[in-house]
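> protein.cif is the file, holding mmCIF, C-alpha atoms; chains and numbers go by the auth columns:
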data_my_file
loop_
_atom_site.group_PDB
_atom_site.id
_atom_site.type_symbol
_atom_site.label_atom_id
_atom_site.label_comp_id
_atom_site.label_asym_id
_atom_site.label_seq_id
_atom_site.Cartn_x
_atom_site.Cartn_y
_atom_site.Cartn_z
_atom_site.B_iso_or_equiv
_atom_site.auth_seq_id
_atom_site.auth_asym_id
ATOM 1 C CA MET A 1 -10.845 -21.331 -8.062 0.00 12 A
ATOM 2 C CA PRO A 2 -9.735 -24.529 -6.306 0.00 13 A
ATOM 3 C CA ARG A 3 -6.172 -24.673 -5.024 0.00 14 A
ATOM 4 C CA GLY A 4 -3.798 -26.316 -7.442 0.00 15 A
ATOM 5 C CA VAL A 5 -5.855 -25.491 -10.550 0.00 16 A
ATOM 6 C CA ALA A 6 -3.758 -23.524 -13.025 0.00 17 A
ATOM 7 C CA ALA A 7 -5.140 -20.216 -14.210 0.00 18 A
ATOM 8 C CA ASP A 8 -4.468 -18.331 -17.424 0.00 19 A
ATOM 9 C CA PHE A 9 -4.070 -14.718 -16.330 0.00 20 A
ATOM 10 C CA GLN A 10 -4.289 -11.444 -18.178 0.00 21 A
ATOM 11 C CA VAL A 11 -3.279 -8.061 -16.759 0.00 22 A
ATOM 12 C CA ARG A 12 -4.589 -4.908 -18.384 0.00 23 A
ATOM 13 C CA LEU A 13 -5.279 -1.284 -17.530 0.00 24 A
ATOM 14 C CA ALA A 14 -8.820 -0.246 -16.648 0.00 25 A
ATOM 15 C CA GLN A 15 -10.403 1.483 -19.635 0.00 26 A
ATOM 16 C CA THR A 16 -13.951 2.219 -18.503 0.00 27 A
ATOM 17 C CA ASP A 17 -15.876 3.301 -15.421 0.00 28 A
ATOM 18 C CA ALA A 18 -17.108 -0.289 -15.160 0.00 29 A
ATOM 19 C CA ASP A 19 -13.496 -1.503 -15.030 0.00 30 A
ATOM 20 C CA VAL A 20 -12.691 0.898 -12.190 0.00 31 A
ATOM 21 C CA GLN A 21 -15.846 -0.118 -10.323 0.00 32 A
ATOM 22 C CA ALA A 22 -14.843 -3.767 -10.628 0.00 33 A
ATOM 23 C CA ALA A 23 -11.537 -2.879 -8.943 0.00 34 A
ATOM 24 C CA GLN A 24 -13.365 -0.915 -6.258 0.00 35 A
ATOM 25 C CA ARG A 25 -15.686 -3.868 -5.664 0.00 36 A
ATOM 26 C CA LEU A 26 -12.786 -6.260 -5.062 0.00 37 A
ATOM 27 C CA ARG A 27 -11.118 -3.668 -2.833 0.00 38 A
ATOM 28 C CA TYR A 28 -14.335 -3.420 -0.815 0.00 39 A
ATOM 29 C CA GLU A 29 -14.412 -7.176 -0.304 0.00 40 A
ATOM 30 C CA VAL A 30 -10.786 -7.230 0.857 0.00 41 A
ATOM 31 C CA PHE A 31 -10.162 -3.917 2.631 0.00 42 A
ATOM 32 C CA VAL A 32 -13.612 -3.289 4.118 0.00 43 A
ATOM 33 C CA GLN A 33 -15.318 -6.654 4.593 0.00 44 A
ATOM 34 C CA GLU A 34 -12.217 -8.750 5.287 0.00 45 A
ATOM 35 C CA LEU A 35 -9.875 -6.251 6.971 0.00 46 A
ATOM 36 C CA GLY A 36 -12.368 -3.838 8.543 0.00 47 A
ATOM 37 C CA GLY A 37 -11.193 -0.703 6.752 0.00 48 A
ATOM 38 C CA SER A 38 -13.262 2.407 6.164 0.00 49 A
ATOM 39 C CA GLY A 39 -13.154 5.732 4.370 0.00 50 A
ATOM 40 C CA ALA A 40 -15.183 8.847 3.757 0.00 51 A
ATOM 41 C CA MET A 41 -16.233 7.775 0.250 0.00 52 A
ATOM 42 C CA VAL A 42 -16.753 4.054 0.856 0.00 53 A
ATOM 43 C CA ASP A 43 -20.110 3.086 -0.647 0.00 54 A
ATOM 44 C CA HIS A 44 -21.463 0.286 1.529 0.00 55 A
ATOM 45 C CA ALA A 45 -24.730 0.058 -0.381 0.00 56 A
ATOM 46 C CA ALA A 46 -22.961 -0.563 -3.689 0.00 57 A
ATOM 47 C CA GLY A 47 -20.045 -2.430 -2.116 0.00 58 A
ATOM 48 C CA LEU A 48 -17.356 -0.082 -3.463 0.00 59 A
ATOM 49 C CA GLU A 49 -14.116 0.977 -1.741 0.00 60 A
ATOM 50 C CA GLN A 50 -13.278 4.280 -3.406 0.00 61 A
ATOM 51 C CA ASP A 51 -11.710 7.684 -2.855 0.00 62 A
ATOM 52 C CA ARG A 52 -11.304 10.957 -4.725 0.00 63 A
ATOM 53 C CA PHE A 53 -7.982 9.842 -6.242 0.00 64 A
ATOM 54 C CA ASP A 54 -9.359 6.870 -8.171 0.00 65 A
ATOM 55 C CA PRO A 55 -10.138 8.849 -11.366 0.00 66 A
ATOM 56 C CA PHE A 56 -6.496 9.964 -11.563 0.00 67 A
ATOM 57 C CA PHE A 57 -4.820 6.574 -11.053 0.00 68 A
ATOM 58 C CA ASP A 58 -4.086 3.887 -13.600 0.00 69 A
ATOM 59 C CA HIS A 59 -5.684 0.653 -12.386 0.00 70 A
ATOM 60 C CA LEU A 60 -4.040 -2.690 -13.160 0.00 71 A
ATOM 61 C CA LEU A 61 -6.624 -5.474 -13.411 0.00 72 A
ATOM 62 C CA LEU A 62 -5.617 -9.140 -13.136 0.00 73 A
ATOM 63 C CA THR A 63 -8.239 -11.412 -14.708 0.00 74 A
ATOM 64 C CA ASP A 64 -8.485 -15.204 -14.646 0.00 75 A
ATOM 65 C CA LEU A 65 -9.265 -15.982 -18.285 0.00 76 A
ATOM 66 C CA ARG A 66 -10.650 -19.402 -17.339 0.00 77 A
ATOM 67 C CA ASN A 67 -13.713 -17.853 -15.746 0.00 78 A
ATOM 68 C CA GLY A 68 -13.483 -14.090 -16.332 0.00 79 A
ATOM 69 C CA LYS A 69 -13.097 -13.429 -12.607 0.00 80 A
ATOM 70 C CA LEU A 70 -11.166 -10.397 -11.377 0.00 81 A
ATOM 71 C CA ALA A 71 -8.376 -11.950 -9.320 0.00 82 A
ATOM 72 C CA GLY A 72 -6.370 -8.905 -8.250 0.00 83 A
ATOM 73 C CA VAL A 73 -5.858 -5.175 -8.625 0.00 84 A
ATOM 74 C CA TYR A 74 -3.175 -2.532 -8.202 0.00 85 A
ATOM 75 C CA ARG A 75 -3.400 1.206 -8.711 0.00 86 A
ATOM 76 C CA VAL A 76 -0.462 3.379 -9.784 0.00 87 A
ATOM 77 C CA MET A 77 0.045 7.122 -10.183 0.00 88 A
ATOM 78 C CA ARG A 78 2.809 8.962 -12.027 0.00 89 A
ATOM 79 C CA ALA A 79 3.831 12.535 -11.193 0.00 90 A
ATOM 80 C CA ASP A 80 1.921 13.993 -14.155 0.00 91 A
ATOM 81 C CA MET A 81 -1.228 12.242 -12.948 0.00 92 A
ATOM 82 C CA ALA A 82 -0.626 13.468 -9.385 0.00 93 A
ATOM 83 C CA ALA A 83 -0.391 17.036 -10.681 0.00 94 A
ATOM 84 C CA ARG A 84 -3.906 16.714 -12.104 0.00 95 A
ATOM 85 C CA ALA A 85 -5.127 15.211 -8.822 0.00 96 A
ATOM 86 C CA GLY A 86 -3.668 18.019 -6.715 0.00 97 A
ATOM 87 C CA GLY A 87 -0.917 15.800 -5.311 0.00 98 A
ATOM 88 C CA PHE A 88 -0.095 12.188 -4.576 0.00 99 A
ATOM 89 C CA TYR A 89 -2.396 10.197 -2.293 0.00 100 A
ATOM 90 C CA SER A 90 0.441 9.804 0.229 0.00 101 A
ATOM 91 C CA GLU A 91 0.869 13.582 0.488 0.00 102 A
ATOM 92 C CA ALA A 92 -2.304 13.679 2.572 0.00 103 A
ATOM 93 C CA GLU A 93 -0.393 11.663 5.188 0.00 104 A
ATOM 94 C CA TYR A 94 3.270 12.641 4.767 0.00 105 A
ATOM 95 C CA ASP A 95 5.431 15.495 3.471 0.00 106 A
ATOM 96 C CA LEU A 96 6.855 14.192 0.190 0.00 107 A
ATOM 97 C CA THR A 97 8.628 17.417 -0.774 0.00 108 A
ATOM 98 C CA PRO A 98 12.105 15.797 -0.978 0.00 109 A
ATOM 99 C CA LEU A 99 10.762 13.148 -3.344 0.00 110 A
ATOM 100 C CA VAL A 100 8.687 15.505 -5.459 0.00 111 A
ATOM 101 C CA GLN A 101 11.565 17.971 -5.802 0.00 112 A
ATOM 102 C CA SER A 102 14.151 15.283 -6.508 0.00 113 A
ATOM 103 C CA GLY A 103 13.630 15.519 -10.253 0.00 114 A
ATOM 104 C CA ARG A 104 13.367 11.734 -10.484 0.00 115 A
ATOM 105 C CA LYS A 105 10.465 9.970 -12.181 0.00 116 A
ATOM 106 C CA LEU A 106 8.096 8.819 -9.440 0.00 117 A
ATOM 107 C CA LEU A 107 5.379 6.195 -9.266 0.00 118 A
ATOM 108 C CA GLU A 108 3.019 5.844 -6.317 0.00 119 A
ATOM 109 C CA LEU A 109 1.648 2.359 -5.644 0.00 120 A
ATOM 110 C CA GLY A 110 -1.433 1.470 -3.640 0.00 121 A
ATOM 111 C CA ARG A 111 -4.631 -0.522 -3.113 0.00 122 A
ATOM 112 C CA SER A 112 -2.984 -3.803 -4.068 0.00 123 A
ATOM 113 C CA CYS A 113 -5.071 -6.848 -3.225 0.00 124 A
ATOM 114 C CA LEU A 114 -5.971 -10.339 -4.381 0.00 125 A
ATOM 115 C CA ASP A 115 -9.178 -12.300 -4.162 0.00 126 A
ATOM 116 C CA PRO A 116 -8.610 -14.867 -1.353 0.00 127 A
ATOM 117 C CA ALA A 117 -8.879 -17.768 -3.818 0.00 128 A
ATOM 118 C CA TYR A 118 -5.779 -16.551 -5.675 0.00 129 A
ATOM 119 C CA ARG A 119 -3.437 -15.946 -2.765 0.00 130 A
ATOM 120 C CA GLY A 120 -0.317 -18.041 -2.312 0.00 131 A
ATOM 121 C CA GLY A 121 0.031 -18.808 -6.003 0.00 132 A
ATOM 122 C CA ALA A 122 1.202 -17.141 -9.188 0.00 133 A
ATOM 123 C CA ALA A 123 -1.380 -14.344 -9.282 0.00 134 A
ATOM 124 C CA MET A 124 0.711 -11.750 -7.443 0.00 135 A
ATOM 125 C CA HIS A 125 3.701 -12.527 -9.643 0.00 136 A
ATOM 126 C CA HIS A 126 1.590 -11.697 -12.701 0.00 137 A
ATOM 127 C CA LEU A 127 0.625 -8.361 -11.155 0.00 138 A
ATOM 128 C CA TRP A 128 4.251 -7.625 -10.298 0.00 139 A
ATOM 129 C CA GLY A 129 5.284 -8.545 -13.830 0.00 140 A
ATOM 130 C CA ALA A 130 2.766 -6.089 -15.251 0.00 141 A
ATOM 131 C CA LEU A 131 3.981 -3.466 -12.794 0.00 142 A
ATOM 132 C CA ALA A 132 7.574 -4.042 -13.940 0.00 143 A
ATOM 133 C CA ARG A 133 6.528 -3.524 -17.559 0.00 144 A
ATOM 134 C CA TYR A 134 4.693 -0.323 -16.613 0.00 145 A
ATOM 135 C CA VAL A 135 7.788 0.936 -14.782 0.00 146 A
ATOM 136 C CA ALA A 136 9.996 0.209 -17.793 0.00 147 A
ATOM 137 C CA GLU A 137 7.567 1.780 -20.259 0.00 148 A
ATOM 138 C CA HIS A 138 7.400 5.038 -18.295 0.00 149 A
ATOM 139 C CA GLU A 139 11.090 4.980 -17.254 0.00 150 A
ATOM 140 C CA ILE A 140 10.162 5.194 -13.568 0.00 151 A
ATOM 141 C CA GLU A 141 13.064 5.687 -11.146 0.00 152 A
ATOM 142 C CA VAL A 142 11.406 5.653 -7.705 0.00 153 A
ATOM 143 C CA LEU A 143 8.494 3.537 -6.463 0.00 154 A
ATOM 144 C CA PHE A 144 6.781 4.481 -3.203 0.00 155 A
ATOM 145 C CA GLY A 145 3.516 4.131 -1.344 0.00 156 A
ATOM 146 C CA VAL A 146 1.906 3.505 2.019 0.00 157 A
ATOM 147 C CA ALA A 147 0.515 0.224 3.320 0.00 158 A
ATOM 148 C CA SER A 148 -1.446 -0.825 6.380 0.00 159 A
ATOM 149 C CA PHE A 149 -0.752 -3.978 8.378 0.00 160 A
ATOM 150 C CA HIS A 150 -2.740 -5.901 10.960 0.00 161 A
ATOM 151 C CA GLY A 151 -2.289 -4.716 14.538 0.00 162 A
ATOM 152 C CA THR A 152 0.091 -2.180 16.087 0.00 163 A
ATOM 153 C CA ASP A 153 2.875 -4.487 17.311 0.00 164 A
ATOM 154 C CA THR A 154 5.891 -3.172 15.416 0.00 165 A
ATOM 155 C CA ALA A 155 8.243 -6.072 16.188 0.00 166 A
ATOM 156 C CA PRO A 156 6.975 -8.744 13.757 0.00 167 A
ATOM 157 C CA LEU A 157 6.505 -6.183 10.987 0.00 168 A
ATOM 158 C CA ALA A 158 10.016 -4.775 11.330 0.00 169 A
ATOM 159 C CA GLU A 159 11.632 -8.193 11.601 0.00 170 A
ATOM 160 C CA ARG A 160 9.885 -9.501 8.474 0.00 171 A
ATOM 161 C CA LEU A 161 10.921 -6.433 6.462 0.00 172 A
ATOM 162 C CA ALA A 162 14.481 -6.709 7.757 0.00 173 A
ATOM 163 C CA ARG A 163 14.662 -10.356 6.672 0.00 174 A
ATOM 164 C CA ALA A 164 13.839 -9.124 3.169 0.00 175 A
ATOM 165 C CA GLY A 165 17.082 -7.144 3.273 0.00 176 A
ATOM 166 C CA LEU A 166 15.454 -3.745 3.784 0.00 177 A
ATOM 167 C CA GLY A 167 16.781 -1.059 6.083 0.00 178 A
ATOM 168 C CA VAL A 168 13.890 -0.521 8.509 0.00 179 A
ATOM 169 C CA LEU A 169 13.129 2.337 10.877 0.00 180 A
ATOM 170 C CA VAL A 170 10.594 1.656 13.637 0.00 181 A
ATOM 171 C CA SER A 171 8.951 4.810 14.972 0.00 182 A
ATOM 172 C CA THR A 172 6.859 4.563 18.153 0.00 183 A
ATOM 173 C CA ALA A 173 5.245 7.204 20.338 0.00 184 A
ATOM 174 C CA THR A 174 7.091 5.911 23.422 0.00 185 A
ATOM 175 C CA ASP A 175 9.760 3.346 24.209 0.00 186 A
ATOM 176 C CA GLU A 176 7.135 0.668 24.919 0.00 187 A
ATOM 177 C CA SER A 177 7.365 -1.010 21.498 0.00 188 A
ATOM 178 C CA LEU A 178 11.078 -0.693 20.773 0.00 189 A
ATOM 179 C CA SER A 179 12.016 -4.271 21.683 0.00 190 A
ATOM 180 C CA VAL A 180 12.305 -5.508 18.108 0.00 191 A
ATOM 181 C CA GLY A 181 15.360 -7.696 18.463 0.00 192 A
ATOM 182 C CA CYS A 182 18.915 -6.875 17.503 0.00 193 A
ATOM 183 C CA ASP A 183 18.825 -7.144 13.722 0.00 194 A
ATOM 184 C CA PRO A 184 21.362 -4.616 12.376 0.00 195 A
ATOM 185 C CA ASN A 185 18.936 -3.673 9.600 0.00 196 A
ATOM 186 C CA ILE A 186 16.444 -2.338 12.154 0.00 197 A
ATOM 187 C CA ARG A 187 16.820 1.120 13.650 0.00 198 A
ATOM 188 C CA ARG A 188 14.560 2.530 16.352 0.00 199 A
ATOM 189 C CA ARG A 189 13.285 5.928 17.378 0.00 200 A
ATOM 190 C CA SER A 190 10.646 7.122 19.838 0.00 201 A
ATOM 191 C CA GLY A 191 8.421 10.168 19.616 0.00 202 A
ATOM 192 C CA ARG A 192 5.854 11.267 17.083 0.00 203 A
ATOM 193 C CA LEU A 193 7.170 12.033 13.603 0.00 204 A
ATOM 194 C CA ASP A 194 6.543 15.569 12.372 0.00 205 A
ATOM 195 C CA ARG A 195 6.713 16.618 8.735 0.00 206 A
ATOM 196 C CA ALA A 196 10.253 17.978 9.026 0.00 207 A
ATOM 197 C CA GLY A 197 11.450 14.768 10.656 0.00 208 A
ATOM 198 C CA LEU A 198 9.883 12.660 7.950 0.00 209 A
ATOM 199 C CA SER A 199 11.480 14.805 5.258 0.00 210 A
ATOM 200 C CA ALA A 200 14.890 14.048 6.750 0.00 211 A
ATOM 201 C CA LEU A 201 14.106 10.326 6.785 0.00 212 A
ATOM 202 C CA ILE A 202 13.105 10.363 3.129 0.00 213 A
ATOM 203 C CA ARG A 203 16.559 11.720 2.288 0.00 214 A
ATOM 204 C CA ASP A 204 18.218 8.853 4.195 0.00 215 A
ATOM 205 C CA GLU A 205 18.876 6.218 1.543 0.00 216 A
ATOM 206 C CA SER A 206 19.692 3.569 4.163 0.00 217 A
ATOM 207 C CA ILE A 207 16.002 3.469 5.171 0.00 218 A
ATOM 208 C CA ARG A 208 13.836 1.463 2.786 0.00 219 A
ATOM 209 C CA ALA A 209 10.811 0.896 5.041 0.00 220 A
ATOM 210 C CA LEU A 210 9.278 2.945 7.837 0.00 221 A
ATOM 211 C CA VAL A 211 7.042 1.190 10.376 0.00 222 A
ATOM 212 C CA ASP A 212 5.246 4.198 11.843 0.00 223 A
ATOM 213 C CA ALA A 213 3.198 3.443 14.954 0.00 224 A
ATOM 214 C CA THR A 214 2.894 7.181 15.722 0.00 225 A
ATOM 215 C CA HIS A 215 0.534 7.867 12.832 0.00 226 A
ATOM 216 C CA PRO A 216 -2.969 8.899 14.023 0.00 227 A
ATOM 217 C CA TYR A 217 -4.504 5.899 12.232 0.00 228 A
ATOM 218 C CA ALA A 218 -2.212 3.494 14.093 0.00 229 A
ATOM 219 C CA THR A 219 -2.999 5.263 17.363 0.00 230 A
ATOM 220 C CA GLU A 220 -6.732 4.923 16.667 0.00 231 A
ATOM 221 C CA ILE A 221 -6.360 1.188 16.008 0.00 232 A
ATOM 222 C CA ARG A 222 -4.343 0.716 19.202 0.00 233 A
ATOM 223 C CA ASP A 223 -6.846 2.680 21.312 0.00 234 A
ATOM 224 C CA ASN A 224 -9.782 0.740 19.842 0.00 235 A
ATOM 225 C CA ALA A 225 -8.031 -2.562 20.531 0.00 236 A
ATOM 226 C CA ARG A 226 -7.340 -1.584 24.132 0.00 237 A
ATOM 227 C CA ALA A 227 -10.944 -0.467 24.611 0.00 238 A
ATOM 228 C CA ALA A 228 -12.239 -3.752 23.215 0.00 239 A
ATOM 229 C CA ALA A 229 -9.979 -5.714 25.563 0.00 240 A
ATOM 230 C CA ALA A 230 -11.014 -3.716 28.635 0.00 241 A
#
Would it be possible to restate this file's structure as structure tokens?


Amino acid sequence: MPRGVAADFQVRLAQTDADVQAAQRLRYEVFVQELGGSGAMVDHAAGLEQDRFDPFFDHLLLTDLRNGKLAGVYRVMRADMAARAGGFYSEAEYDLTPLVQSGRKLLELGRSCLDPAYRGGAAMHHLWGALARYVAEHEIEVLFGVASFHGTDTAPLAERLARAGLGVLVSTATDESLSVGCDPNIRRRSGRLDRAGLSALIRDESIRALVDATHPYATEIRDNARAAAA
């Protein structure tokens, strides 16, 4: 869709396998082809970015009614859905025990992306609006999820999150990446996070975003980047 051309959007929940595959196809274009992501269940032949959790999530689909094109997607999982899946997606990466045992109504967010033609406009606001309605309908109290960013330089990520008014904790394996300015909203720690340490951080309500450069995935990216530059 050309820039500046207004679109009439509709957001709905995926109802069929074909709907979910359409979301997976857009995710493949963005996360695999554009951003270089991978995964054990990625189907390169069919062009689908998928994982074992997809059948348990609700998938929000943003469609441009002018042309029927899928413009964006979001997937969300409530606690009852996570129970059927054997846990939240994020629990494969982090210990969420404090959240799960909090008694509050949880919603995990993930796999949010837009077709490049719809970025910088109203499309994301329509997705967020639909998400807000979903949250209200299910009386959700806590939203959470994990997200990946380009590169392993923590400074620009932390500073951007801090400018949004979030309390940010930057966690790095060593002191090498701790020079992230003097914003009072940014706290720093060095050393790899273990599950017990993360559990304590989850209980700290002053921390709204964790930039974790100690995660094995971040370490793999950093090592690959250094090898490519050598």

> Could you tell me, as a PyMOL selection string, exactly which residues end up selected when the PyMOL selection byres ((chain A and resi 147-163) around 6) is applied to this structure?

chain A and resi 116-120+144-146+164-165

> Taking the file above as input, evaluate the PyMOL selection byres ((chain A and resi 93) around 12) and report the hits as an mmCIF file with C-alpha atoms, keeping the file's coordinate frame.


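Writing the result to out_32.cif gives the following:
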data_model
loop_
_atom_site.group_PDB
_atom_site.id
_atom_site.type_symbol
_atom_site.label_atom_id
_atom_site.label_comp_id
_atom_site.auth_asym_id
_atom_site.auth_seq_id
_atom_site.Cartn_x
_atom_site.Cartn_y
_atom_site.Cartn_z
ATOM 1 C CA ARG A 63 -11.304 10.957 -4.725
ATOM 2 C CA PHE A 64 -7.982 9.842 -6.242
ATOM 3 C CA ASP A 65 -9.359 6.870 -8.171
ATOM 4 C CA PRO A 66 -10.138 8.849 -11.366
ATOM 5 C CA PHE A 67 -6.496 9.964 -11.563
ATOM 6 C CA PHE A 68 -4.820 6.574 -11.053
ATOM 7 C CA ASP A 69 -4.086 3.887 -13.600
ATOM 8 C CA VAL A 87 -0.462 3.379 -9.784
ATOM 9 C CA MET A 88 0.045 7.122 -10.183
ATOM 10 C CA ARG A 89 2.809 8.962 -12.027
ATOM 11 C CA ALA A 90 3.831 12.535 -11.193
ATOM 12 C CA ASP A 91 1.921 13.993 -14.155
ATOM 13 C CA MET A 92 -1.228 12.242 -12.948
ATOM 14 C CA ALA A 94 -0.391 17.036 -10.681
ATOM 15 C CA ARG A 95 -3.906 16.714 -12.104
ATOM 16 C CA ALA A 96 -5.127 15.211 -8.822
ATOM 17 C CA GLY A 97 -3.668 18.019 -6.715
ATOM 18 C CA GLY A 98 -0.917 15.800 -5.311
ATOM 19 C CA PHE A 99 -0.095 12.188 -4.576
ATOM 20 C CA TYR A 100 -2.396 10.197 -2.293
ATOM 21 C CA SER A 101 0.441 9.804 0.229
ATOM 22 C CA GLU A 102 0.869 13.582 0.488
ATOM 23 C CA VAL A 111 8.687 15.505 -5.459
ATOM 24 C CA LYS A 116 10.465 9.970 -12.181
ATOM 25 C CA LEU A 117 8.096 8.819 -9.440
ATOM 26 C CA LEU A 118 5.379 6.195 -9.266
ATOM 27 C CA GLU A 119 3.019 5.844 -6.317
ATOM 28 C CA LEU A 120 1.648 2.359 -5.644
#

> Taking only C-alpha atoms into account, name the residue in A:Leu72, A:Gln35, A:Gln112, A:Phe42 that is nearest to Gly58 in chain A.

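Among A:Leu72, A:Gln35, A:Gln112, A:Phe42, it is A:Gln35 that comes nearest to Gly58 in chain A.
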
> If the PyMOL selection byres ((chain A and resi 24) around 7) is run on the structure shown, which residues does it catch, given as a list in words?

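When the PyMOL selection byres ((chain A and resi 24) around 7) is applied, the selected residues are Arg23, Ala25, Gln26, Asp69, His70, Leu71 and Leu72 of chain A.
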
> CA of Phe20 in chain A and CA of Leu81 in chain A, how far apart in Å?

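That distance, rounded to one decimal, is 9.7 Å.
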
> Using CA of Leu73 in chain A and CA of Ala103 in chain A as the two end points, give the distance in Å to one decimal.

27.9 Å

> Between A:Arg36, A:His136, A:Ala128, A:Val41, which residue has the minimum interatomic distance to Ala56 in chain A, considering all atoms listed in the file?

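Once distances to Ala56 in chain A are computed over all atoms listed in the file, the minimum belongs to A:Arg36.
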